[in-house]
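Asks: My structure is in structure06.pdb, and what it holds is PDB, C-alpha atoms, pLDDT in the B column:
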MODEL        1
ATOM      1  CA  ARG A   1      -5.801  -1.329  12.669  1.00 82.00           C
ATOM      2  CA  ILE A   2      -7.116   2.129  13.468  1.00 90.00           C
ATOM      3  CA  LEU A   3      -9.130   2.174  10.260  1.00 90.00           C
ATOM      4  CA  VAL A   4     -10.606  -1.258  10.948  1.00 93.00           C
ATOM      5  CA  LYS A   5     -11.505  -0.247  14.512  1.00 93.00           C
ATOM      6  CA  ALA A   6     -13.133   2.937  13.232  1.00 93.00           C
ATOM      7  CA  PHE A   7     -15.280   0.895  10.834  1.00 92.00           C
ATOM      8  CA  GLN A   8     -16.052  -1.640  13.544  1.00 91.00           C
ATOM      9  CA  CYS A   9     -17.245   1.098  15.931  1.00 91.00           C
ATOM     10  CA  ASP A  10     -19.164   2.793  13.100  1.00 89.00           C
ATOM     11  CA  LEU A  11     -17.183   6.007  13.630  1.00 90.00           C
ATOM     12  CA  VAL A  12     -16.531   6.302   9.881  1.00 89.00           C
ATOM     13  CA  ARG A  13     -18.343   5.081   6.790  1.00 88.00           C
ATOM     14  CA  SER A  14     -15.613   5.749   4.220  1.00 90.00           C
ATOM     15  CA  ALA A  15     -11.845   6.041   4.164  1.00 90.00           C
ATOM     16  CA  SER A  16      -8.917   6.234   1.809  1.00 88.00           C
ATOM     17  CA  ILE A  17      -5.356   5.116   2.296  1.00 85.00           C
ATOM     18  CA  MET A  18      -2.377   6.517   0.442  1.00 79.00           C
ATOM     19  CA  TYR A  19       0.637   4.281   0.841  1.00 73.00           C
ATOM     20  CA  ASP A  20       2.993   6.683  -0.843  1.00 68.00           C
ATOM     21  CA  ASN A  21       3.397  10.325  -1.779  1.00 66.00           C
ATOM     22  CA  SER A  22       2.836  10.103  -5.528  1.00 63.00           C
ATOM     23  CA  VAL A  23       5.487  12.513  -6.783  1.00 67.00           C
ATOM     24  CA  GLY A  24       7.585  13.319  -3.754  1.00 59.00           C
ATOM     25  CA  GLN A  25      11.162  12.290  -3.289  1.00 64.00           C
ATOM     26  CA  GLN A  26      10.597  10.981   0.202  1.00 58.00           C
ATOM     27  CA  ASN A  27      12.256   7.793   1.320  1.00 60.00           C
ATOM     28  CA  PHE A  28       9.583   5.542   2.766  1.00 62.00           C
ATOM     29  CA  GLY A  29      12.065   2.831   3.696  1.00 68.00           C
ATOM     30  CA  TYR A  30      10.830   0.373   1.103  1.00 68.00           C
ATOM     31  CA  ASN A  31      14.195  -1.354   1.103  1.00 64.00           C
ATOM     32  CA  ALA A  32      13.538  -2.355   4.723  1.00 71.00           C
ATOM     33  CA  PHE A  33      10.714  -4.530   3.313  1.00 72.00           C
ATOM     34  CA  ASP A  34      12.545  -5.557   0.157  1.00 75.00           C
ATOM     35  CA  PRO A  35      16.239  -4.789  -0.488  1.00 76.00           C
ATOM     36  CA  SER A  36      15.625  -4.580  -4.253  1.00 74.00           C
ATOM     37  CA  ALA A  37      13.490  -1.435  -3.742  1.00 77.00           C
ATOM     38  CA  THR A  38      16.410   0.939  -4.144  1.00 77.00           C
ATOM     39  CA  GLN A  39      14.650   3.779  -6.002  1.00 77.00           C
ATOM     40  CA  TYR A  40      12.106   6.356  -4.893  1.00 77.00           C
ATOM     41  CA  HIS A  41       8.647   5.308  -6.026  1.00 77.00           C
ATOM     42  CA  HIS A  42       8.157   8.193  -8.466  1.00 78.00           C
ATOM     43  CA  ASP A  43      11.576   7.668 -10.041  1.00 81.00           C
ATOM     44  CA  ALA A  44      11.033   3.930 -10.300  1.00 81.00           C
ATOM     45  CA  SER A  45       7.678   4.442 -12.023  1.00 81.00           C
ATOM     46  CA  HIS A  46       9.481   6.076 -14.976  1.00 84.00           C
ATOM     47  CA  TYR A  47      11.640   3.035 -15.523  1.00 82.00           C
ATOM     48  CA  GLY A  48      11.919   2.846 -19.315  1.00 84.00           C
ATOM     49  CA  THR A  49      14.515   0.140 -19.890  1.00 90.00           C
ATOM     50  CA  ASP A  50      16.446   0.708 -16.639  1.00 87.00           C
ATOM     51  CA  VAL A  51      16.611  -2.716 -14.993  1.00 88.00           C
ATOM     52  CA  ALA A  52      17.256  -1.337 -11.485  1.00 85.00           C
ATOM     53  CA  ARG A  53      14.188   0.902 -11.719  1.00 84.00           C
ATOM     54  CA  ILE A  54      12.067  -1.955 -13.078  1.00 87.00           C
ATOM     55  CA  GLN A  55      13.156  -4.121 -10.137  1.00 86.00           C
ATOM     56  CA  SER A  56      12.427  -1.305  -7.688  1.00 83.00           C
ATOM     57  CA  GLN A  57       8.979  -0.692  -9.185  1.00 83.00           C
ATOM     58  CA  HIS A  58       8.201  -4.402  -8.997  1.00 86.00           C
ATOM     59  CA  ALA A  59       9.353  -4.554  -5.357  1.00 85.00           C
ATOM     60  CA  ILE A  60       7.304  -1.463  -4.420  1.00 81.00           C
ATOM     61  CA  ASN A  61       4.214  -2.937  -6.107  1.00 84.00           C
ATOM     62  CA  LYS A  62       4.696  -6.131  -4.106  1.00 86.00           C
ATOM     63  CA  ILE A  63       4.996  -4.107  -0.897  1.00 83.00           C
ATOM     64  CA  HIS A  64       1.827  -2.136  -1.653  1.00 84.00           C
ATOM     65  CA  THR A  65      -0.164  -5.282  -2.471  1.00 89.00           C
ATOM     66  CA  SER A  66       1.052  -7.002   0.700  1.00 88.00           C
ATOM     67  CA  LEU A  67      -0.075  -3.965   2.745  1.00 87.00           C
ATOM     68  CA  PHE A  68      -3.439  -4.141   0.973  1.00 91.00           C
ATOM     69  CA  SER A  69      -3.664  -7.856   1.710  1.00 94.00           C
ATOM     70  CA  HIS A  70      -2.960  -7.122   5.362  1.00 93.00           C
ATOM     71  CA  LEU A  71      -5.824  -4.581   5.403  1.00 93.00           C
ATOM     72  CA  LEU A  72      -8.185  -7.189   3.924  1.00 95.00           C
ATOM     73  CA  SER A  73      -7.092  -9.719   6.552  1.00 96.00           C
ATOM     74  CA  GLU A  74      -7.737  -7.189   9.309  1.00 95.00           C
ATOM     75  CA  LEU A  75     -11.196  -6.441   7.895  1.00 94.00           C
ATOM     76  CA  LYS A  76     -11.911 -10.172   7.625  1.00 95.00           C
ATOM     77  CA  SER A  77     -10.939 -10.717  11.272  1.00 95.00           C
ATOM     78  CA  VAL A  78     -14.034  -8.762  12.356  1.00 94.00           C
ATOM     79  CA  PRO A  79     -17.177 -10.837  11.697  1.00 94.00           C
ATOM     80  CA  GLY A  80     -19.236  -9.339   8.865  1.00 92.00           C
ATOM     81  CA  LEU A  81     -17.003  -6.312   8.315  1.00 93.00           C
ATOM     82  CA  LEU A  82     -15.325  -7.420   5.094  1.00 92.00           C
ATOM     83  CA  GLU A  83     -18.632  -8.656   3.697  1.00 92.00           C
ATOM     84  CA  ASP A  84     -20.204  -5.221   4.322  1.00 90.00           C
ATOM     85  CA  THR A  85     -17.285  -3.204   2.938  1.00 90.00           C
ATOM     86  CA  LEU A  86     -16.559  -2.120  -0.628  1.00 90.00           C
ATOM     87  CA  VAL A  87     -12.793  -2.153  -1.099  1.00 91.00           C
ATOM     88  CA  LEU A  88     -11.032  -0.813  -4.202  1.00 89.00           C
ATOM     89  CA  TYR A  89      -7.337  -1.004  -5.064  1.00 86.00           C
TER      90      TYR A  89
ENDMDL
END
Take the structure in the file and write it out as structure tokens.
Replies:
Amino acid sequence: RILVKAFQCDLVRSASIMYDNSVGQQNFGYNAFDPSATQYHHDASHYGTDVARIQSQHAINKIHTSLFSHLLSELKSVPGLLEDTLVLY
């Protein structure tokens, strides 16, 4: 919401969001969103044939895309904002 408000007030013209620390071993509480996200993101991304890591990576991807969808919905809730914004994922 802060990002959307900043765009709406024309306080910023560009922004980036990082949902996760790419190589850190931090626990971002993904399993609170999806209990099958049992691995750290970096570990899960090197899944090979490990079924638990594949499931975790899939769950984390779903969480990230749902957060992105929420951002798009927030942008769309402000008339004209989504239409005037370039968004990359």
Asks: Have a look at A:Val87, A:Met18, A:Ala52, A:Ala44 and name the one nearest to Leu75 in chain A; count all atoms listed in the file.
Replies: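 Smallest separation from Leu75 in chain A among the options: A:Val87.
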Asks: Which residues are close to Gln57 in chain A, i.e. within 8 Å by only C-alpha atoms, leaving aside same-chain residues fewer than 5 positions away? Reply as a PDB file with C-alpha atoms, keeping the file's coordinate frame.
Replies:
ATOM      1  CA  ALA A  37      13.490  -1.435  -3.742  1.00 77.00           C
ATOM      2  CA  GLN A  39      14.650   3.779  -6.002  1.00 77.00           C
ATOM      3  CA  HIS A  41       8.647   5.308  -6.026  1.00 77.00           C
ATOM      4  CA  ALA A  44      11.033   3.930 -10.300  1.00 81.00           C
ATOM      5  CA  SER A  45       7.678   4.442 -12.023  1.00 81.00           C
ATOM      6  CA  TYR A  47      11.640   3.035 -15.523  1.00 82.00           C
TER       7      TYR A  47
END
Asks: List the residues sitting within 9 Å of (-8.8, -5.5, -4.7) in the file's frame, using only C-alpha atoms, as a list in words.
Replies: Thr65, Phe68, Ser69, Leu72, Val87, Leu88 and Tyr89 of chain A
Asks: Using Å and a single decimal, report how far CA of Asp50 in chain A sits from CA of Ser36 in chain A.
Replies: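 One can read the CA of Ser36 in chain A to CA of Asp50 in chain A distance as 13.5 Å.
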Asks: Pull out every residue that the PyMOL selection byres ((chain A and resi 81) around 12) matches in the shown coordinates and put them as a PDB file with C-alpha atoms, in the frame of the given file.
Replies:
ATOM      1  CA  LEU A   3      -9.130   2.174  10.260  1.00 90.00           C
ATOM      2  CA  VAL A   4     -10.606  -1.258  10.948  1.00 93.00           C
ATOM      3  CA  LYS A   5     -11.505  -0.247  14.512  1.00 93.00           C
ATOM      4  CA  ALA A   6     -13.133   2.937  13.232  1.00 93.00           C
ATOM      5  CA  PHE A   7     -15.280   0.895  10.834  1.00 92.00           C
ATOM      6  CA  GLN A   8     -16.052  -1.640  13.544  1.00 91.00           C
ATOM      7  CA  CYS A   9     -17.245   1.098  15.931  1.00 91.00           C
ATOM      8  CA  ASP A  10     -19.164   2.793  13.100  1.00 89.00           C
ATOM      9  CA  ARG A  13     -18.343   5.081   6.790  1.00 88.00           C
ATOM     10  CA  LEU A  71      -5.824  -4.581   5.403  1.00 93.00           C
ATOM     11  CA  LEU A  72      -8.185  -7.189   3.924  1.00 95.00           C
ATOM     12  CA  SER A  73      -7.092  -9.719   6.552  1.00 96.00           C
ATOM     13  CA  GLU A  74      -7.737  -7.189   9.309  1.00 95.00           C
ATOM     14  CA  LEU A  75     -11.196  -6.441   7.895  1.00 94.00           C
ATOM     15  CA  LYS A  76     -11.911 -10.172   7.625  1.00 95.00           C
ATOM     16  CA  SER A  77     -10.939 -10.717  11.272  1.00 95.00           C
ATOM     17  CA  VAL A  78     -14.034  -8.762  12.356  1.00 94.00           C
ATOM     18  CA  PRO A  79     -17.177 -10.837  11.697  1.00 94.00           C
ATOM     19  CA  GLY A  80     -19.236  -9.339   8.865  1.00 92.00           C
ATOM     20  CA  LEU A  82     -15.325  -7.420   5.094  1.00 92.00           C
ATOM     21  CA  GLU A  83     -18.632  -8.656   3.697  1.00 92.00           C
ATOM     22  CA  ASP A  84     -20.204  -5.221   4.322  1.00 90.00           C
ATOM     23  CA  THR A  85     -17.285  -3.204   2.938  1.00 90.00           C
ATOM     24  CA  LEU A  86     -16.559  -2.120  -0.628  1.00 90.00           C
ATOM     25  CA  VAL A  87     -12.793  -2.153  -1.099  1.00 91.00           C
TER      26      VAL A  87
END
